[in-house]
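Asks: Sharing a structure, written as C-alpha cells. Questions coming.
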Amino acid sequence: MTSLDDLEKKLRERKVRVDERLEILRLLGEADVDAKLKAKQDELLRAVRDASNRLKGTAG
Amino acid sequence: MIRLVRLGLRNFRGWADGELRLDRPITLLVGENRRGKSSTVNAIEWCLYGKEIEKKASGIDERADWEVERRGAGDEGVEVGLTIAFEDAEARISRRRKHDAGARDDDELAVELADGRRLVGTEATQWMRERKLPDWDTWRRACCQHQEILRCRLTVADERSLVVSSLLGMEEHDRLARSLKDQQPGKLIGEIDHELGELEKVVLYRLRAPSEDLYESERRLEALGLERARLSPALAVEIGRTAIERARALAGRLGLETALPSSNGEADEAEVKKWADGWIALVRKEAKLSERLQSATKRRAKLAAELDQLLPAEERWRGTKEKLDAEQREKGEHTTQKTLLAESEKAVAEAEAALRFENRNLALLREAAEVLRAGADSDQCPVCDTHVSGLAARIESTVRKGTGERLAALSSERDRARGRRDVLEKSIRDIAKLVVEEKEARKAFEGRRAAIEAIVSPGRIEPGSDLAAAARAEDEALAAEIAGLEASVAGLDAELEEHRKDVERLRELSKWRASAKRAQQRADITNSAEWKVFQEAVDAAAAFAADLDAMAAMARETQEERSAAREAEVNRSLGEYVRLITGAAAGDGAGGDSALDVRVRVKRTPKGLSYDVEDADGERALSILNQASLNAISLAMLFAQAEERARSGLFSVVVLDDPDQSLDDEHKAGLARAIERMAKSAPVVVATTPGPFAERILSHVSTPRRAIRFGRQETRSGARADIRVASQEER
C-alpha cells in the first residue's frame, strides 16, 4: 500500500469527503508535487485577490 | 518477482561491445581488479539513471572525473540496454548518448515493450515510474552496494536516517509528509486573512460613506421643512404640484402669460425641476416690478430735488427783478439814461473846448507881453504898430489876474461835467448788470419749472395752476406708487422665496434619492455576484489550505503508524541478516558481540520523524564498531531493504560491488548465505574477485546462478584496454 493509499484510507476513516480532496491526492501523485502544490496555492490566492479587487471596484 | 534478463553494452567505459545474460537469481561477475566488473555494475545504473549517476550529481565523490564513453569509441556513441522480465512481460530499457553530446544534451531514453511499442523520453520515464522502478536515491540506498559508500550509509547521520527510512519502506511516506508539511498552508490562510482585512477596510469605508451622505441630505431636508418620515418620491411630486399652484396664482396676479407644467407623477419630475429652476428669473423678468419701483423712486427723488430748488430760484429771480425795477424807476429808463449821458458828455466837451480857448488866449497874451517886453516901445502894438499907453502893463495884468480866474472857473466847470458823466456811466453799468442778473435768475427759475413740469404727470398741470402744488401732488402720488410697488415686490419676493425653497427641496430630494439608492446598492454588495465569486474563491483557497493542513497531519499520522508497524518486522529481518552474515545463531545475540545486536529506531520530533540505528541498550553502537562490522551491518541493512521492497511488490534488485571487503572468512561465508536468501526475493548481481567467497557462492549456494568471468583486458593501441568476458557458466 502506497503512502497515498494510506492517506486516502485515513481520509475515509475520518469520514472526510474524499472527493473534494482528490485534486490534492492527484497532485501528490504527480512529479514535481511541491511546485505543483505551491502553484495551486498561488492560483487560489490569485483568485481571491482578483475577486477582492473586483469587489473593491464594485464598492467604489 | 522481477528478473533481470540481459545487459547489452556498447562503448560504455571499458566495454567496446558485449551482451551479458543476467537471467539467473544470482549473477556472479568474477575477475581480478581492473577487469571491468565495476564498470559492468555501473552500466546497469547508467542505463536506468543516466546523468544522475555521473559526476557530483551522483553524491559519490569518486565520480567527479567519471567518463561514460569508451575512449577511442569513434562516433558511434554509447548505448546500454537492460532487459527486465516483469511478471506479465519483458521490457528493454535503453539509453543512448551521441558521441558529440554536450553537457546540456539529453540522452535518448527508450523502453521497448513486448507488444512492439517503443516509448521514448518522458513517456519512458513515466512508464518506469508506473512500474515503480526506484529513483536514484532509493537505488543507491536500497538496491546497490557501492564500494565508495558502503560504510558512509551508516556513519553519516543524515544518510543513515535515509537508509533506515528506506529500510522501513518509509521513503514515500516521508516524502509525502515532507511535501505536505513544506507547503505551509498557514501562509495561504494568513494571506487570505490579510486580503479579507484589506477588503473590509475598503468596503466598509465605502459602505459608510453613502450612509453619511444620506444622513446629511436628510438633515438638510429637515432644515427645509421636510420631516424625515415623509421623505419619498411621492413627496417630490407633491412639492412640484404645490409650487406650480403657487406659481399659477402669482402669474394671475401679475398678469403674466406663461405656460406651467403639470406634476402628476415621477415621470413629470424632470420637467417640473427644469421649470422650477427657471421660474424665479422668468417672473422677475416678466413682472418688471423692480424696474418700476426703481423708476418711481428715481422720479420722486428728482422731483424732490427740483422742488427744493424751485422756491429759492424764484425768490432769487424776484429779488433781482425788484432791484432792477427800483433802479430803473429811480434813474430812469435805459433810453433816458443814454440821453442824459450824451448830454453830459456834450457838456464835458464844451467845457473842455472853452478851457482850451482860454488857454490859447492866455498863451497869445503871454507871447504878446514877451514881445512887448522885448521891444523898444512896450506900448506899441507889434502887429498894427498902434501905440497903446500901458499896453504891456495891461496885458501882463490881464495875464496875471483876469485870465487866471477865468481858467479856474472853466476847469471847475469841466470837472463837474465829467463827474456827472461818470455817475451816469456807472448807473448805466449797474442797471445793465442788474438786467443780466435778472435774466439769469429768470432762466434758472424757468429751468426748474420746466424740469418739474417734465416730471409731473401731464394732466396734473392746468394753465395758471400752482406748479409747486402740482409737484407736491405728484410727489404724493409717487409715494403711493412706490409704497404699492414695494408691497408688490415684497409679496413677490415672499412668494418666490417659497418657490426657491421648493426648488431646494426638489434638488435635495433628488440628491436624497440618489444617496438612498447608492446606500441600498452598497447594502446589497453582499448579495452581488462579485461577492459570491469572492466567497467561493476564499472558500476554495481556505478549504485547500485546511485540506493541506489536515492531510499533512494525517500523513504524519500514517508515517508514524506505518513506521511503528514496520519497526519490529524490519528489526527482525535486519537481525536475521546480521546473524547470517556474522555467523551467529538465532537467539544468541550477535555471536557474543552484543554491539552487533543493532536495530533501527524511529524518533518522533515536532519537525517530523527521523531514523537511527542503535544497539540493544538504546545506545549508538556504530561509533565503536570496526570496518568489518560496519560493512556487515551495512550489507544486512541493504538486504533487509531489498527484501522489504520485494515483499511490498516494488522493483527490487540487489547489486553488490566487492561486498566482501574487510570481511573475514566467517563473515564471507555468512555473506554468501545472506545472498542466497536474498536471491529468493530479488535478483542479485555480485561483482567480486576470484577466491573463496566467489567459490563459496558458486559451489555452496543452491539457487540457480551464473558466473561470468572477466579475462585480461586486451590493450588496443592508443586506447584503454577493452573489457573481455573469458567464460560464462551456469549452475
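Ligands are numbered from 1 in the order shown, chains are lettered A, B, ... in the order of the C-alpha cells, and residues start at 1 in each chain.
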Would you give me, as a CSV table (one decimal) with N, CA and C atoms, in the first residue's frame, the residues of chain B that come within 7 Å of chain A, using only C-alpha atoms?

Replies:
chain,number,residue,atom,x,y,z
B,172,GLU,N,8.4,6.9,0.6
B,172,GLU,CA,7.2,7.5,0.0
B,172,GLU,C,6.4,8.3,1.1
B,173,HIS,N,6.3,7.7,2.3
B,173,HIS,CA,5.5,8.3,3.3
B,173,HIS,C,6.3,9.6,3.8
B,179,SER,N,6.4,16.8,1.8
B,179,SER,CA,5.8,17.7,0.8
B,179,SER,C,4.6,18.5,1.4
B,183,GLN,N,4.5,22.7,2.4
B,183,GLN,CA,3.5,23.6,1.8
B,183,GLN,C,3.2,24.8,2.6
B,188,LEU,N,-1.0,30.6,3.4
B,188,LEU,CA,-2.1,30.9,2.5
B,188,LEU,C,-3.3,31.4,3.3
B,195,GLU,N,-6.1,39.7,3.0
B,195,GLU,CA,-7.0,40.2,1.9
B,195,GLU,C,-8.3,40.5,2.5
B,199,LEU,N,-10.0,44.2,2.4
B,199,LEU,CA,-11.3,44.3,1.7
B,199,LEU,C,-12.3,44.9,2.7
B,202,VAL,N,-11.7,48.7,3.0
B,202,VAL,CA,-12.1,49.4,1.8
B,202,VAL,C,-13.7,49.4,1.7
B,203,VAL,N,-14.2,48.2,1.8
B,203,VAL,CA,-15.7,48.1,1.5
B,203,VAL,C,-16.5,48.7,2.6
B,206,ARG,N,-16.4,52.4,2.2
B,206,ARG,CA,-17.2,52.9,1.1
B,206,ARG,C,-18.7,52.6,1.4
B,522,ARG,N,-25.0,49.7,-2.0
B,522,ARG,CA,-23.9,49.3,-1.1
B,522,ARG,C,-24.3,48.2,-0.2
B,530,GLU,N,-20.3,39.5,-7.5
B,530,GLU,CA,-18.9,39.7,-7.2
B,530,GLU,C,-18.6,39.1,-5.8
B,531,TRP,N,-19.5,39.4,-4.9
B,531,TRP,CA,-19.3,38.9,-3.5
B,531,TRP,C,-19.4,37.4,-3.5
B,533,VAL,N,-18.6,35.4,-6.0
B,533,VAL,CA,-17.3,34.9,-6.6
B,533,VAL,C,-16.2,35.0,-5.5
B,534,PHE,N,-16.2,36.1,-4.8
B,534,PHE,CA,-15.2,36.3,-3.8
B,534,PHE,C,-15.3,35.2,-2.7
B,537,ALA,N,-14.1,32.0,-4.0
B,537,ALA,CA,-12.6,31.9,-4.1
B,537,ALA,C,-12.0,31.7,-2.7
B,538,VAL,N,-12.5,32.5,-1.7
B,538,VAL,CA,-12.0,32.3,-0.3
B,538,VAL,C,-12.2,30.9,0.2
B,541,ALA,N,-9.8,28.5,-1.5
B,541,ALA,CA,-8.5,28.6,-1.0
B,541,ALA,C,-8.3,28.1,0.4
B,554,MET,N,-2.5,14.1,8.8
B,554,MET,CA,-2.8,12.6,8.6
B,554,MET,C,-1.6,11.9,8.0
B,555,ALA,N,-0.8,12.6,7.1
B,555,ALA,CA,0.4,12.0,6.5
B,555,ALA,C,1.4,11.7,7.6
B,558,THR,N,0.0,8.7,9.5
B,558,THR,CA,0.3,7.4,8.7
B,558,THR,C,1.8,7.1,8.7

Asks: If we count only C-alpha atoms, what is near B:Leu496 at a cut-off of 9 Å, once residues fewer than 4 positions away on the same chain are taken out, given as a PyMOL selection string?

Replies: chain B and resi 247+279-280+283+491-492+500-501

Asks: Just the residues within 8 Å of B:Leu214, please, counting only C-alpha atoms, with nothing from its chain fewer than 4 positions along; format it as a PyMOL selection string.

Replies: chain B and resi 210+218+512+515-516+519

Asks: In Å, how far is it from atom CA of B:Leu204 to atom CA of B:Ala542?

Replies: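 These atoms are spaced 22.4 Å apart.
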
Asks: Considering only C-alpha atoms, return as a ChimeraX atom specification whatever protein or nucleic-acid residues lie within 6 Å of stretch 76-89 of chain B, sequence-local ones (same chain, fewer than 6 positions apart) excluded.

Replies: /B:2-12,47,69,95-99

Asks: Do you know which residues are at most 12 Å from B:Ala349 counting only C-alpha atoms, after dropping those on the same chain fewer than 2 positions away, and could you put them as a ChimeraX atom specification?

Replies: /B:342-347,351-356,410-411,413-418,421

Asks: Neighbouring residues of B:Asp385 were defined as those with any atom within 12 Å, considering only C-alpha atoms; residues of the same chain fewer than 4 positions away were excluded. Please report them as a PyMOL selection string.

Replies: chain B and resi 372+375-381+391

Asks: Keeping only N, CA and C atoms, write the selected residues to a file as an mmCIF file, in the first residue's frame.

Replies:
data_model
loop_
_atom_site.group_PDB
_atom_site.id
_atom_site.type_symbol
_atom_site.label_atom_id
_atom_site.label_comp_id
_atom_site.auth_asym_id
_atom_site.auth_seq_id
_atom_site.Cartn_x
_atom_site.Cartn_y
_atom_site.Cartn_z
ATOM 1 N N LEU B 372 6.379 192.592 -26.317
ATOM 2 C CA LEU B 372 6.369 193.963 -25.892
ATOM 3 C C LEU B 372 7.571 194.226 -25.011
ATOM 4 N N GLY B 375 10.479 194.533 -27.111
ATOM 5 C CA GLY B 375 10.527 195.649 -27.999
ATOM 6 C C GLY B 375 10.959 196.958 -27.333
ATOM 7 N N ALA B 376 11.137 198.049 -28.289
ATOM 8 C CA ALA B 376 11.567 199.331 -27.762
ATOM 9 C C ALA B 376 10.497 200.080 -27.066
ATOM 10 N N ASP B 377 9.383 199.923 -27.672
ATOM 11 C CA ASP B 377 8.228 200.590 -27.054
ATOM 12 C C ASP B 377 7.319 199.520 -26.606
ATOM 13 N N SER B 378 7.160 199.449 -25.378
ATOM 14 C CA SER B 378 6.333 198.376 -24.823
ATOM 15 C C SER B 378 4.877 198.658 -24.965
ATOM 16 N N ASP B 379 4.563 199.937 -25.397
ATOM 17 C CA ASP B 379 3.142 200.214 -25.548
ATOM 18 C C ASP B 379 2.753 200.216 -27.022
ATOM 19 N N GLN B 380 3.620 199.891 -27.840
ATOM 20 C CA GLN B 380 3.302 199.877 -29.275
ATOM 21 C C GLN B 380 2.968 198.467 -29.702
ATOM 22 N N CYS B 381 1.767 198.432 -30.385
ATOM 23 C CA CYS B 381 1.317 197.090 -30.849
ATOM 24 C C CYS B 381 2.237 196.605 -31.966
ATOM 25 N N LEU B 391 0.094 199.486 -22.624
ATOM 26 C CA LEU B 391 -0.360 198.180 -23.204
ATOM 27 C C LEU B 391 0.292 196.979 -22.581
#

Asks: To test your reading of the structure, identify every residue in stretch 3-60 of chain A that backbone DSSP assigns to helix (DSSP H, G or I), and report it as a PyMOL selection string.

Replies: chain A and resi 3-13+18-28+33-59

Asks: Convert the current residue selection to file output with C-alpha atoms, as a PDB file, in the first residue's frame.

Replies:
ATOM      1  CA  SER A   3       1.620   6.393   1.122  1.00  0.00           C
ATOM      2  CA  LEU A   4      -1.194   7.913  -0.917  1.00  0.00           C
ATOM      3  CA  ASP A   5      -3.288   4.811  -0.377  1.00  0.00           C
ATOM      4  CA  ASP A   6      -2.628   5.134   3.342  1.00  0.00           C
ATOM      5  CA  LEU A   7      -3.600   8.788   3.250  1.00  0.00           C
ATOM      6  CA  GLU A   8      -6.772   8.142   1.310  1.00  0.00           C
ATOM      7  CA  LYS A   9      -7.665   5.335   3.694  1.00  0.00           C
ATOM      8  CA  LYS A  10      -7.205   7.663   6.625  1.00  0.00           C
ATOM      9  CA  LEU A  11      -9.351  10.321   4.971  1.00  0.00           C
ATOM     10  CA  ARG A  12     -12.101   7.756   4.553  1.00  0.00           C
ATOM     11  CA  GLU A  13     -11.694   6.578   8.131  1.00  0.00           C
ATOM     12  CA  VAL A  18     -12.507  12.375  -0.145  1.00  0.00           C
ATOM     13  CA  ASP A  19     -13.894  13.577  -3.465  1.00  0.00           C
ATOM     14  CA  GLU A  20     -13.107  17.154  -2.516  1.00  0.00           C
ATOM     15  CA  ARG A  21      -9.526  16.207  -1.749  1.00  0.00           C
ATOM     16  CA  LEU A  22      -8.992  14.271  -4.933  1.00  0.00           C
ATOM     17  CA  GLU A  23      -7.186  17.176  -6.548  1.00  0.00           C
ATOM     18  CA  ILE A  24      -4.645  17.253  -3.745  1.00  0.00           C
ATOM     19  CA  LEU A  25      -4.329  13.484  -3.881  1.00  0.00           C
ATOM     20  CA  ARG A  26      -3.889  13.707  -7.626  1.00  0.00           C
ATOM     21  CA  LEU A  27      -1.207  16.375  -7.278  1.00  0.00           C
ATOM     22  CA  LEU A  28       0.521  14.365  -4.592  1.00  0.00           C
ATOM     23  CA  VAL A  33       4.496  17.755  -6.421  1.00  0.00           C
ATOM     24  CA  ASP A  34       5.964  20.533  -4.282  1.00  0.00           C
ATOM     25  CA  ALA A  35       5.992  23.039  -7.129  1.00  0.00           C
ATOM     26  CA  LYS A  36       2.529  21.997  -8.254  1.00  0.00           C
ATOM     27  CA  LEU A  37       1.041  22.359  -4.794  1.00  0.00           C
ATOM     28  CA  LYS A  38       2.678  25.760  -4.440  1.00  0.00           C
ATOM     29  CA  ALA A  39       1.363  26.739  -7.868  1.00  0.00           C
ATOM     30  CA  LYS A  40      -2.101  25.586  -6.847  1.00  0.00           C
ATOM     31  CA  GLN A  41      -1.919  27.685  -3.689  1.00  0.00           C
ATOM     32  CA  ASP A  42      -0.740  30.665  -5.739  1.00  0.00           C
ATOM     33  CA  GLU A  43      -3.594  30.138  -8.186  1.00  0.00           C
ATOM     34  CA  LEU A  44      -6.157  30.030  -5.373  1.00  0.00           C
ATOM     35  CA  LEU A  45      -4.694  33.098  -3.701  1.00  0.00           C
ATOM     36  CA  ARG A  46      -4.660  34.940  -7.004  1.00  0.00           C
ATOM     37  CA  ALA A  47      -8.338  34.093  -7.470  1.00  0.00           C
ATOM     38  CA  VAL A  48      -9.062  35.511  -4.002  1.00  0.00           C
ATOM     39  CA  ARG A  49      -7.153  38.701  -4.768  1.00  0.00           C
ATOM     40  CA  ASP A  50      -8.774  39.139  -8.181  1.00  0.00           C
ATOM     41  CA  ALA A  51     -12.246  38.646  -6.697  1.00  0.00           C
ATOM     42  CA  SER A  52     -11.384  41.009  -3.853  1.00  0.00           C
ATOM     43  CA  ASN A  53     -10.203  43.679  -6.294  1.00  0.00           C
ATOM     44  CA  ARG A  54     -13.368  43.329  -8.355  1.00  0.00           C
ATOM     45  CA  LEU A  55     -15.407  43.678  -5.190  1.00  0.00           C
ATOM     46  CA  LYS A  56     -13.496  46.785  -4.195  1.00  0.00           C
ATOM     47  CA  GLY A  57     -14.182  48.202  -7.651  1.00  0.00           C
ATOM     48  CA  THR A  58     -17.882  47.472  -7.267  1.00  0.00           C
ATOM     49  CA  ALA A  59     -17.951  49.064  -3.846  1.00  0.00           C
TER      50      ALA A  59
END
